[in-house]
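Colleague: Data: work.cif, mmCIF, C-alpha atoms and all ligand atoms.
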```cif
data_entry
#
loop_
_atom_site.label_atom_id
_atom_site.label_comp_id
_atom_site.auth_asym_id
_atom_site.auth_seq_id
_atom_site.Cartn_x
_atom_site.Cartn_y
_atom_site.Cartn_z
CA MET E 1 -9.17 16.18 -3.36
CA ARG E 2 -7.01 13.14 -2.68
CA LYS E 3 -6.11 12.93 0.99
CA PRO E 4 -2.44 11.99 1.49
CA LEU E 5 -1.90 8.53 2.94
CA VAL E 6 1.21 7.25 4.67
CA MET E 7 1.09 3.52 5.25
CA GLY E 8 3.59 1.29 6.99
CA ASN E 9 4.21 -2.27 5.86
CA TRP E 10 5.95 -4.16 8.63
CA LYS E 11 6.46 -7.34 6.59
CA LEU E 12 7.82 -10.22 8.71
CA ASN E 13 8.87 -8.04 11.64
CA GLY E 14 7.58 -7.34 15.09
CA THR E 15 6.82 -8.73 18.50
CA LYS E 16 3.95 -7.99 20.86
CA ASP E 17 6.18 -5.47 22.63
CA SER E 18 7.43 -3.68 19.52
CA THR E 19 3.89 -3.60 18.12
CA LYS E 20 2.63 -1.98 21.30
CA GLU E 21 5.38 0.62 21.17
CA LEU E 22 4.98 1.44 17.45
CA ALA E 23 1.17 1.39 17.45
CA THR E 24 1.04 3.72 20.45
CA ALA E 25 3.52 6.15 18.89
CA PHE E 26 1.89 6.03 15.44
CA ALA E 27 -1.55 6.57 17.00
CA ALA E 28 -0.26 9.77 18.60
CA ALA E 29 1.36 10.85 15.30
CA ALA E 30 -1.87 10.10 13.40
CA ASN E 31 -3.91 12.15 15.88
CA LYS E 32 -1.64 15.14 15.24
CA VAL E 33 -2.36 15.16 11.50
CA LYS E 34 -5.98 14.03 11.78
CA GLY E 35 -8.17 15.34 8.97
CA LYS E 36 -5.11 16.28 6.89
CA VAL E 37 -3.10 13.09 6.39
CA GLU E 38 -4.29 9.51 6.81
CA VAL E 39 -1.82 7.28 8.63
CA ALA E 40 -2.03 3.50 8.56
CA VAL E 41 0.03 0.46 9.35
CA CYS E 42 -0.24 -3.01 7.85
CA ALA E 43 0.99 -5.70 10.20
CA PRO E 44 1.54 -9.46 10.19
CA ALA E 45 -1.90 -11.02 10.75
CA ILE E 46 -0.95 -12.40 14.14
CA LEU E 47 -0.12 -8.89 15.39
CA ILE E 48 -3.17 -7.03 14.05
CA GLY E 49 -5.05 -7.61 17.30
CA THR E 50 -2.19 -6.00 19.21
CA VAL E 51 -2.30 -2.98 16.90
CA GLU E 52 -6.04 -2.76 17.51
CA ALA E 53 -5.63 -2.98 21.28
CA ASN E 54 -3.15 -0.10 21.29
CA ALA E 55 -4.56 2.18 18.59
CA GLN E 56 -8.31 1.82 19.02
CA GLY E 57 -10.04 5.18 19.25
CA SER E 58 -7.09 7.02 17.65
CA ALA E 59 -6.83 8.32 14.08
CA LEU E 60 -4.43 5.50 13.16
CA LEU E 61 -5.86 3.03 10.66
CA TRP E 62 -4.50 -0.46 10.18
CA GLY E 63 -4.72 -3.57 8.08
CA SER E 64 -3.12 -6.76 6.83
CA GLU E 65 -0.22 -7.42 4.48
CA ASP E 66 -2.23 -9.95 2.47
CA CYS E 67 -5.57 -11.76 2.59
CA ASP E 68 -6.97 -14.98 1.25
CA VAL E 69 -9.46 -15.20 -1.59
CA HIS E 70 -11.67 -17.60 0.37
CA THR E 71 -14.14 -16.65 3.08
CA LYS E 72 -13.73 -19.84 5.11
CA GLY E 73 -13.05 -23.53 4.93
CA ALA E 74 -10.19 -25.95 4.48
CA TYR E 75 -7.39 -23.50 3.64
CA THR E 76 -4.78 -24.12 6.29
CA GLY E 77 -2.69 -21.12 7.22
CA GLU E 78 -4.83 -18.47 5.52
CA ASN E 79 -6.60 -15.40 6.88
CA SER E 80 -9.93 -14.35 5.40
CA PRO E 81 -10.93 -10.72 4.85
CA ALA E 82 -13.67 -11.17 7.47
CA MET E 83 -11.11 -12.29 10.07
CA ILE E 84 -8.90 -9.32 9.24
CA LYS E 85 -11.89 -6.97 9.40
CA GLU E 86 -12.99 -8.33 12.77
CA PHE E 87 -9.82 -6.88 14.29
CA GLY E 88 -10.77 -3.38 13.20
CA SER E 89 -8.79 -3.35 9.96
CA THR E 90 -9.46 -0.86 7.20
CA PHE E 91 -6.93 -2.03 4.60
CA ALA E 92 -5.48 -5.20 3.07
CA ILE E 93 -2.36 -5.02 0.93
CA VAL E 94 -2.68 -7.30 -2.09
CA GLY E 95 -0.10 -8.19 -4.71
CA HIS E 96 3.01 -7.05 -2.91
CA SER E 97 5.98 -8.04 -5.05
CA GLU E 98 7.24 -10.28 -2.24
CA ARG E 99 3.98 -12.26 -2.47
CA ARG E 100 4.01 -12.25 -6.27
CA GLY E 101 7.64 -13.42 -6.20
CA TYR E 102 8.11 -15.73 -3.22
CA HIS E 103 4.56 -17.10 -3.22
CA HIS E 104 4.08 -17.21 -6.97
CA GLU E 105 0.91 -15.14 -6.91
CA SER E 106 -0.25 -14.42 -10.42
CA SER E 107 -1.98 -11.20 -11.40
CA GLU E 108 -5.22 -13.21 -11.56
CA THR E 109 -4.76 -14.41 -7.97
CA VAL E 110 -4.00 -10.85 -6.89
CA ALA E 111 -7.15 -9.65 -8.64
CA ALA E 112 -9.17 -12.32 -6.82
CA LYS E 113 -7.68 -11.14 -3.52
CA PHE E 114 -8.53 -7.53 -4.40
CA LYS E 115 -12.14 -8.61 -4.99
CA ALA E 116 -12.29 -10.72 -1.83
CA ALA E 117 -10.90 -7.85 0.27
CA GLN E 118 -13.54 -5.44 -1.04
CA GLU E 119 -16.32 -7.96 -0.56
CA GLY E 120 -15.10 -8.41 3.01
CA GLY E 121 -15.34 -4.67 3.67
CA LEU E 122 -11.64 -3.89 3.39
CA ILE E 123 -9.92 -1.34 1.15
CA PRO E 124 -7.40 -3.17 -1.03
CA VAL E 125 -3.98 -1.60 -1.50
CA LEU E 126 -2.92 -2.99 -4.86
CA CYS E 127 0.86 -3.14 -5.30
CA ILE E 128 2.27 -3.01 -8.80
CA GLY E 129 5.75 -2.45 -10.17
CA GLU E 130 8.53 -3.69 -12.37
CA SER E 131 11.76 -5.58 -11.75
CA GLU E 132 15.17 -4.07 -12.41
CA ALA E 133 15.48 -5.99 -15.70
CA GLU E 134 12.07 -4.73 -16.79
CA PHE E 135 13.02 -1.19 -15.83
CA ASP E 136 16.23 -1.47 -17.84
CA ALA E 137 14.28 -2.88 -20.79
CA GLY E 138 11.90 0.08 -20.66
CA THR E 139 8.83 -2.07 -20.01
CA THR E 140 7.76 -0.47 -16.73
CA MET E 141 4.38 0.66 -18.00
CA ALA E 142 3.65 -2.59 -19.81
CA VAL E 143 4.15 -4.41 -16.50
CA CYS E 144 2.08 -1.93 -14.48
CA GLU E 145 -0.71 -1.87 -17.05
CA ALA E 146 -0.93 -5.68 -17.16
CA GLU E 147 -1.09 -5.84 -13.36
CA LEU E 148 -3.84 -3.20 -13.31
CA LYS E 149 -5.71 -4.77 -16.22
CA ALA E 150 -6.06 -8.11 -14.43
CA VAL E 151 -7.96 -6.32 -11.66
CA ILE E 152 -10.03 -4.16 -14.03
CA ASP E 153 -11.00 -7.28 -15.98
CA LEU E 154 -12.28 -8.99 -12.86
CA VAL E 155 -13.98 -6.19 -10.92
CA GLY E 156 -14.23 -3.23 -13.30
CA ILE E 157 -12.71 0.22 -13.10
CA LYS E 158 -15.28 1.54 -10.61
CA ALA E 159 -13.83 -0.80 -7.99
CA PHE E 160 -10.91 1.64 -7.79
CA GLU E 161 -13.26 4.17 -6.19
CA SER E 162 -12.61 2.24 -3.01
CA ALA E 163 -9.03 1.11 -3.41
CA VAL E 164 -5.49 2.40 -3.20
CA ILE E 165 -2.68 1.71 -5.67
CA ALA E 166 0.95 1.46 -4.58
CA TYR E 167 3.60 1.79 -7.26
CA GLU E 168 6.61 -0.10 -5.94
CA PRO E 169 9.51 -0.63 -8.34
CA ILE E 170 10.96 -3.94 -7.17
CA TRP E 171 14.52 -2.66 -7.61
CA ALA E 172 13.82 0.05 -5.06
CA ILE E 173 12.33 -2.14 -2.33
CA GLY E 174 14.63 -2.56 0.63
CA THR E 175 17.65 -1.64 -1.48
CA GLY E 176 18.13 1.99 -0.51
CA LYS E 177 17.82 2.79 -4.23
CA THR E 178 14.77 5.07 -4.09
CA ALA E 179 13.31 5.94 -7.49
CA THR E 180 14.04 9.58 -8.23
CA PRO E 181 11.04 11.87 -7.84
CA GLU E 182 11.09 12.37 -11.61
CA ILE E 183 10.98 8.64 -12.37
CA ALA E 184 8.28 8.00 -9.76
CA GLN E 185 6.18 10.96 -10.88
CA GLY E 186 6.45 9.85 -14.50
CA VAL E 187 5.13 6.39 -13.68
CA HIS E 188 2.39 7.69 -11.37
CA GLN E 189 1.23 10.05 -14.08
CA ALA E 190 1.27 7.24 -16.65
CA ILE E 191 -0.74 4.99 -14.31
CA ARG E 192 -3.35 7.71 -13.94
CA ALA E 193 -3.41 8.22 -17.72
CA TYR E 194 -3.93 4.49 -18.23
CA LEU E 195 -6.82 4.39 -15.73
CA ALA E 196 -8.33 7.47 -17.39
CA LYS E 197 -8.82 5.44 -20.57
CA PHE E 198 -11.40 3.46 -18.57
CA ASP E 199 -12.80 6.24 -16.36
CA ALA E 200 -11.39 9.75 -16.02
CA GLU E 201 -13.08 10.46 -12.68
CA VAL E 202 -11.75 7.31 -11.06
CA ALA E 203 -8.28 8.04 -12.44
CA ALA E 204 -8.32 11.52 -10.95
CA SER E 205 -9.56 10.41 -7.53
CA VAL E 206 -7.65 7.19 -6.82
CA ARG E 207 -4.71 7.54 -4.46
CA ILE E 208 -1.41 6.27 -5.81
CA LEU E 209 1.30 5.72 -3.20
CA TYR E 210 5.00 5.36 -3.91
CA GLY E 211 6.92 2.53 -2.22
CA GLY E 212 10.54 1.45 -2.34
CA SER E 213 13.16 2.83 0.04
CA CYS E 214 10.96 5.81 0.80
CA ASN E 215 12.46 7.32 3.94
CA ALA E 216 12.63 10.52 5.97
CA LYS E 217 15.17 11.94 3.53
CA THR E 218 13.51 11.05 0.23
CA ALA E 219 9.84 11.46 1.22
CA PRO E 220 9.62 15.29 1.05
CA GLU E 221 10.62 15.49 -2.61
CA LEU E 222 8.58 12.43 -3.59
CA PHE E 223 5.48 13.79 -1.86
CA ALA E 224 5.96 17.14 -3.62
CA GLN E 225 5.14 15.48 -6.96
CA PRO E 226 1.63 16.10 -8.28
CA ASP E 227 0.65 12.44 -8.70
CA ILE E 228 2.30 10.93 -5.61
CA ASP E 229 -0.32 10.82 -2.88
CA GLY E 230 1.81 9.36 -0.12
CA GLY E 231 3.92 6.32 0.54
CA LEU E 232 3.94 2.63 1.36
CA ILE E 233 6.82 2.39 3.77
CA GLY E 234 8.69 -0.79 4.68
CA GLY E 235 11.92 -0.46 6.66
CA ALA E 236 11.31 3.09 7.84
CA SER E 237 7.93 2.12 9.34
CA LEU E 238 9.75 0.11 11.99
CA LYS E 239 11.32 3.23 13.49
CA VAL E 240 9.24 5.87 15.24
CA PRO E 241 11.34 8.95 14.33
CA ASP E 242 11.63 7.94 10.66
CA PHE E 243 7.97 7.12 10.18
CA THR E 244 6.93 10.27 12.04
CA ALA E 245 9.15 12.38 9.77
CA ILE E 246 7.56 10.75 6.70
CA ILE E 247 4.08 11.58 8.04
CA GLU E 248 5.21 15.18 8.47
CA ALA E 249 6.52 15.22 4.91
CA ALA E 250 3.02 14.30 3.71
CA LEU E 251 1.55 17.35 5.45
CA GLN E 252 2.81 19.55 2.60
CA ARG E 253 0.13 17.96 0.36
CA ALA E 254 -2.70 18.56 2.81
P1 LIG E 301 10.99 -0.53 1.81
O1 LIG E 301 9.73 -1.46 1.46
O2 LIG E 301 10.43 0.82 2.22
O3 LIG E 301 11.69 -1.21 2.93
O4 LIG E 301 11.80 -0.42 0.57
C1 LIG E 301 8.58 -0.95 0.86
C2 LIG E 301 7.61 -2.06 0.59
O5 LIG E 301 8.03 -3.15 0.18
O6 LIG E 301 6.38 -1.89 0.78
#
```
Have the structure of the file written as structure tokens, please.
Ligand code: PGA
Modeller:
Amino acid sequence: MRKPLVMGNWKLNGTKDSTKELATAFAAAANKVKGKVEVAVCAPAILIGTVEANAQGSALLWGSEDCDVHTKGAYTGENSPAMIKEFGSTFAIVGHSERRGYHHESSETVAAKFKAAQEGGLIPVLCIGESEAEFDAGTTMAVCEAELKAVIDLVGIKAFESAVIAYEPIWAIGTGKTATPEIAQGVHQAIRAYLAKFDAEVAASVRILYGGSCNAKTAPELFAQPDIDGGLIGGASLKVPDFTAIIEAALQRA
């Protein structure tokens, strides 16, 4: 059975004080649903230690919003999986559309990050999803399949036994335009069907999160869909009542 997962993605937001407040509140919320729903938060690298300090010993899991492909050396500004792991992290988001877009990360780079994260003992959260133009052109699955294929080519399908996928239509991120439950379910189902061509067991067991303006209002219906195993939450993960309500919405799957 796939355990529901609700994961925050703080992006470029937060201070030491806000991190303390959110991590403490999310730790309490995670403890309440312990064993039924996994709750996690991915923070800017510089704040991960503050999350750790305030959530250690609780059911809250945490991680980074990105990681480098290298383990160490002359790569100014980067954070290695080992560094991220040292601060108690479980997850590393890789391939978020903001990294693919603003930082020109190719699917091959994202695949290398996926591999590096796993080799460093982290669970990669692979983000995939189409732009509005691609959605309008009906090429959503071609985009998602190509982004998945780059990872499968590098590490093989079995690597998804210890990974999470987040389907995030770019047109829905931060726009308030949540994909309808029908659209999201259709894509999630198609992603699983694509993975099943490589390995049916992996396809059935991998968790696929929905991301893109998922909030307290839209989460219940999204999480009621058979192939949506939780959410990757941006804006709403910066507010305690909103994120807590989304965690509660995931309980229906438990
Ligand atoms: P959003 O962001 O919930 O603010 O739309 C989601 C994401 O980009 O992970």
Colleague: Residues of chain E that approach ligand LIG 301 (chain E) to 10 Å or less, counting only C-alpha atoms and all ligand atoms: could you list each one with the shortest pair of atoms and its distance in Å to one decimal, rows by chain and increasing residue number, as a Markdown table?
Modeller:
```
| residue | atom | partner | partner_atom | distance |
| --- | --- | --- | --- | --- |
| E:Met7 | CA | E:LIG301 | O6 | 8.8 |
| E:Gly8 | CA | E:LIG301 | O6 | 7.5 |
| E:Asn9 | CA | E:LIG301 | O6 | 5.5 |
| E:Trp10 | CA | E:LIG301 | O6 | 8.2 |
| E:Lys11 | CA | E:LIG301 | O5 | 7.8 |
| E:Cys42 | CA | E:LIG301 | O6 | 9.8 |
| E:Glu65 | CA | E:LIG301 | O6 | 9.4 |
| E:Ile93 | CA | E:LIG301 | O6 | 9.3 |
| E:His96 | CA | E:LIG301 | O5 | 7.1 |
| E:Ser97 | CA | E:LIG301 | O5 | 7.4 |
| E:Glu98 | CA | E:LIG301 | O5 | 7.6 |
| E:Cys127 | CA | E:LIG301 | O6 | 8.3 |
| E:Ala166 | CA | E:LIG301 | O6 | 8.3 |
| E:Tyr167 | CA | E:LIG301 | O6 | 9.3 |
| E:Glu168 | CA | E:LIG301 | C2 | 6.9 |
| E:Pro169 | CA | E:LIG301 | O5 | 9.0 |
| E:Ile170 | CA | E:LIG301 | O5 | 8.0 |
| E:Trp171 | CA | E:LIG301 | O4 | 8.9 |
| E:Ala172 | CA | E:LIG301 | O4 | 6.0 |
| E:Ile173 | CA | E:LIG301 | O4 | 3.4 |
| E:Gly174 | CA | E:LIG301 | O4 | 3.5 |
| E:Thr175 | CA | E:LIG301 | O4 | 6.3 |
| E:Gly176 | CA | E:LIG301 | O4 | 6.9 |
| E:Lys177 | CA | E:LIG301 | O4 | 8.3 |
| E:Thr178 | CA | E:LIG301 | O4 | 7.8 |
| E:Leu209 | CA | E:LIG301 | O6 | 10.0 |
| E:Tyr210 | CA | E:LIG301 | C1 | 8.7 |
| E:Gly211 | CA | E:LIG301 | C1 | 4.9 |
| E:Gly212 | CA | E:LIG301 | O4 | 3.7 |
| E:Ser213 | CA | E:LIG301 | O4 | 3.6 |
| E:Cys214 | CA | E:LIG301 | O2 | 5.2 |
| E:Asn215 | CA | E:LIG301 | O2 | 7.0 |
| E:Gly231 | CA | E:LIG301 | O6 | 8.6 |
| E:Leu232 | CA | E:LIG301 | O6 | 5.2 |
| E:Ile233 | CA | E:LIG301 | O2 | 4.2 |
| E:Gly234 | CA | E:LIG301 | O2 | 3.4 |
| E:Gly235 | CA | E:LIG301 | O3 | 3.8 |
| E:Ala236 | CA | E:LIG301 | O2 | 6.1 |
| E:Ser237 | CA | E:LIG301 | O2 | 7.7 |
| E:Leu238 | CA | E:LIG301 | O3 | 9.4 |
```
Colleague: Could you jot down the CA of Val41 (chain E) to CA of Asp227 (chain E) separation for me, Å, one decimal place?
Modeller: 21.7 Å
Colleague: Using all atoms listed in the file, pick whichever of E:Ile84, E:Val202, E:Ala117, E:Ala55 has the shortest atom-to-atom distance to Ala27 (chain E).
Modeller: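 Answer, going by the shortest atom-to-atom distance: E:Ala55.
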Colleague: Measure the distance from CA of Val164 (chain E) to CA of Lys115 (chain E) in Å and round it to one decimal.
Modeller: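 It comes out at 13.0 Å.
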Colleague: What is the distance between CA of Phe87 (chain E) and CA of Gln118 (chain E), in Å to one decimal?
Modeller: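 The value is 15.8 Å.
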Colleague: Using only C-alpha atoms for the distances, tell me which of E:Ile183, E:Ile208, E:Ala82, E:Val143 is nearest to Ala116 (chain E).
Modeller: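 When distances to Ala116 (chain E) are compared using only C-alpha atoms, the smallest one comes from E:Ala82.
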Colleague: With all atoms listed in the file as the basis for distance, which of E:Lys239, E:His70, E:Arg207, E:Lys16 is at the shortest distance from Glu52 (chain E)?
Modeller: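 Answer, going by the shortest atom-to-atom distance: E:Lys16.
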Colleague: Taking all atoms listed in the file into account, name the residue in E:Gln252, E:Thr139, E:Thr24, E:Ser80 that is nearest to Gly57 (chain E).
Modeller: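 Counting all atoms listed in the file, the residue closest to Gly57 (chain E) is E:Thr24.
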Colleague: So, counting only C-alpha atoms, which residue among E:Glu38, E:Glu145, E:Glu78, E:Asp153 is closest to Ser64 (chain E)?
Modeller: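 Selected residue with least distance to Ser64 (chain E): E:Glu78.
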Colleague: Could you tell me which of E:Leu60, E:Val51, E:Leu251, E:Ala179 comes closest to Leu222 (chain E) if we count only C-alpha atoms?
Modeller: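 Among the listed residues, E:Ala179 lies closest to Leu222 (chain E).
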Colleague: Can you list, as a list in words, every protein, DNA or RNA residue that comes within 7 Å of region 154-162 of chain E when you count only C-alpha atoms, leaving out same-chain residues fewer than 5 positions away?
Modeller: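 Here the answer would be Ala111, Lys115, Ile123, Phe198, Asp199, Val202 and Val206 of chain E.
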Colleague: Could you save the residues just selected, with C-alpha atoms, as a compact mmCIF listing (two decimals), in the frame of the given file?
Modeller:
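Saved to again-v7.txt:
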```
# COMPACT_ATOMS: atom_id res chain seq x y z
CA ALA E 111 -7.15 -9.65 -8.64
CA LYS E 115 -12.14 -8.61 -4.99
CA ILE E 123 -9.92 -1.34 1.15
CA PHE E 198 -11.40 3.46 -18.57
CA ASP E 199 -12.80 6.24 -16.36
CA VAL E 202 -11.75 7.31 -11.06
CA VAL E 206 -7.65 7.19 -6.82
```
Colleague: Give me the residues near Ala30 (chain E) as a ChimeraX atom specification, where near means some atom within 12 Å (using only C-alpha atoms) and where sequence neighbours in that chain fewer than 2 positions away do not count.
Modeller: /E:5-7,22-28,32-41,55-62,243-248,250-251
Colleague: Can you sort out region 142-157 of chain E so it carries N, CA, C and O atoms, written as a JSON list (two decimals), in the frame of the given file?
Modeller:
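Listing of selection.json after writing:
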```json
[["chain", "number", "residue", "atom", "x", "y", "z"],
["E", 142, "ALA", "N", 4.31, -1.35, -19.34],
["E", 142, "ALA", "CA", 3.65, -2.59, -19.81],
["E", 142, "ALA", "C", 3.37, -3.50, -18.62],
["E", 142, "ALA", "O", 2.29, -4.10, -18.52],
["E", 143, "VAL", "N", 4.33, -3.58, -17.69],
["E", 143, "VAL", "CA", 4.15, -4.41, -16.50],
["E", 143, "VAL", "C", 3.02, -3.84, -15.62],
["E", 143, "VAL", "O", 2.10, -4.55, -15.21],
["E", 144, "CYS", "N", 3.09, -2.56, -15.35],
["E", 144, "CYS", "CA", 2.08, -1.93, -14.48],
["E", 144, "CYS", "C", 0.69, -2.04, -15.10],
["E", 144, "CYS", "O", -0.29, -2.34, -14.41],
["E", 145, "GLU", "N", 0.60, -1.82, -16.40],
["E", 145, "GLU", "CA", -0.71, -1.87, -17.05],
["E", 145, "GLU", "C", -1.29, -3.29, -16.99],
["E", 145, "GLU", "O", -2.47, -3.47, -16.74],
["E", 146, "ALA", "N", -0.44, -4.29, -17.21],
["E", 146, "ALA", "CA", -0.93, -5.68, -17.16],
["E", 146, "ALA", "C", -1.41, -6.02, -15.75],
["E", 146, "ALA", "O", -2.44, -6.70, -15.57],
["E", 147, "GLU", "N", -0.69, -5.54, -14.74],
["E", 147, "GLU", "CA", -1.09, -5.84, -13.36],
["E", 147, "GLU", "C", -2.40, -5.12, -13.00],
["E", 147, "GLU", "O", -3.23, -5.66, -12.27],
["E", 148, "LEU", "N", -2.58, -3.93, -13.53],
["E", 148, "LEU", "CA", -3.84, -3.20, -13.31],
["E", 148, "LEU", "C", -4.98, -3.84, -14.10],
["E", 148, "LEU", "O", -6.10, -4.00, -13.60],
["E", 149, "LYS", "N", -4.68, -4.23, -15.33],
["E", 149, "LYS", "CA", -5.71, -4.77, -16.22],
["E", 149, "LYS", "C", -6.34, -6.03, -15.66],
["E", 149, "LYS", "O", -7.56, -6.25, -15.78],
["E", 150, "ALA", "N", -5.53, -6.87, -15.01],
["E", 150, "ALA", "CA", -6.06, -8.11, -14.43],
["E", 150, "ALA", "C", -7.15, -7.79, -13.41],
["E", 150, "ALA", "O", -8.16, -8.49, -13.32],
["E", 151, "VAL", "N", -6.96, -6.71, -12.67],
["E", 151, "VAL", "CA", -7.96, -6.32, -11.66],
["E", 151, "VAL", "C", -9.18, -5.69, -12.35],
["E", 151, "VAL", "O", -10.32, -6.01, -12.03],
["E", 152, "ILE", "N", -8.91, -4.82, -13.31],
["E", 152, "ILE", "CA", -10.03, -4.16, -14.03],
["E", 152, "ILE", "C", -10.89, -5.22, -14.72],
["E", 152, "ILE", "O", -12.12, -5.15, -14.70],
["E", 153, "ASP", "N", -10.25, -6.22, -15.30],
["E", 153, "ASP", "CA", -11.00, -7.28, -15.98],
["E", 153, "ASP", "C", -11.92, -8.03, -15.04],
["E", 153, "ASP", "O", -13.02, -8.42, -15.39],
["E", 154, "LEU", "N", -11.47, -8.21, -13.80],
["E", 154, "LEU", "CA", -12.28, -8.99, -12.86],
["E", 154, "LEU", "C", -13.36, -8.15, -12.18],
["E", 154, "LEU", "O", -14.49, -8.61, -12.04],
["E", 155, "VAL", "N", -13.01, -6.95, -11.75],
["E", 155, "VAL", "CA", -13.98, -6.19, -10.92],
["E", 155, "VAL", "C", -14.44, -4.89, -11.56],
["E", 155, "VAL", "O", -15.35, -4.24, -11.04],
["E", 156, "GLY", "N", -13.82, -4.48, -12.64],
["E", 156, "GLY", "CA", -14.23, -3.23, -13.30],
["E", 156, "GLY", "C", -13.51, -2.02, -12.72],
["E", 156, "GLY", "O", -13.01, -2.06, -11.59],
["E", 157, "ILE", "N", -13.47, -0.97, -13.49],
["E", 157, "ILE", "CA", -12.71, 0.22, -13.10],
["E", 157, "ILE", "C", -13.30, 0.92, -11.88],
["E", 157, "ILE", "O", -12.59, 1.48, -11.05]]
```
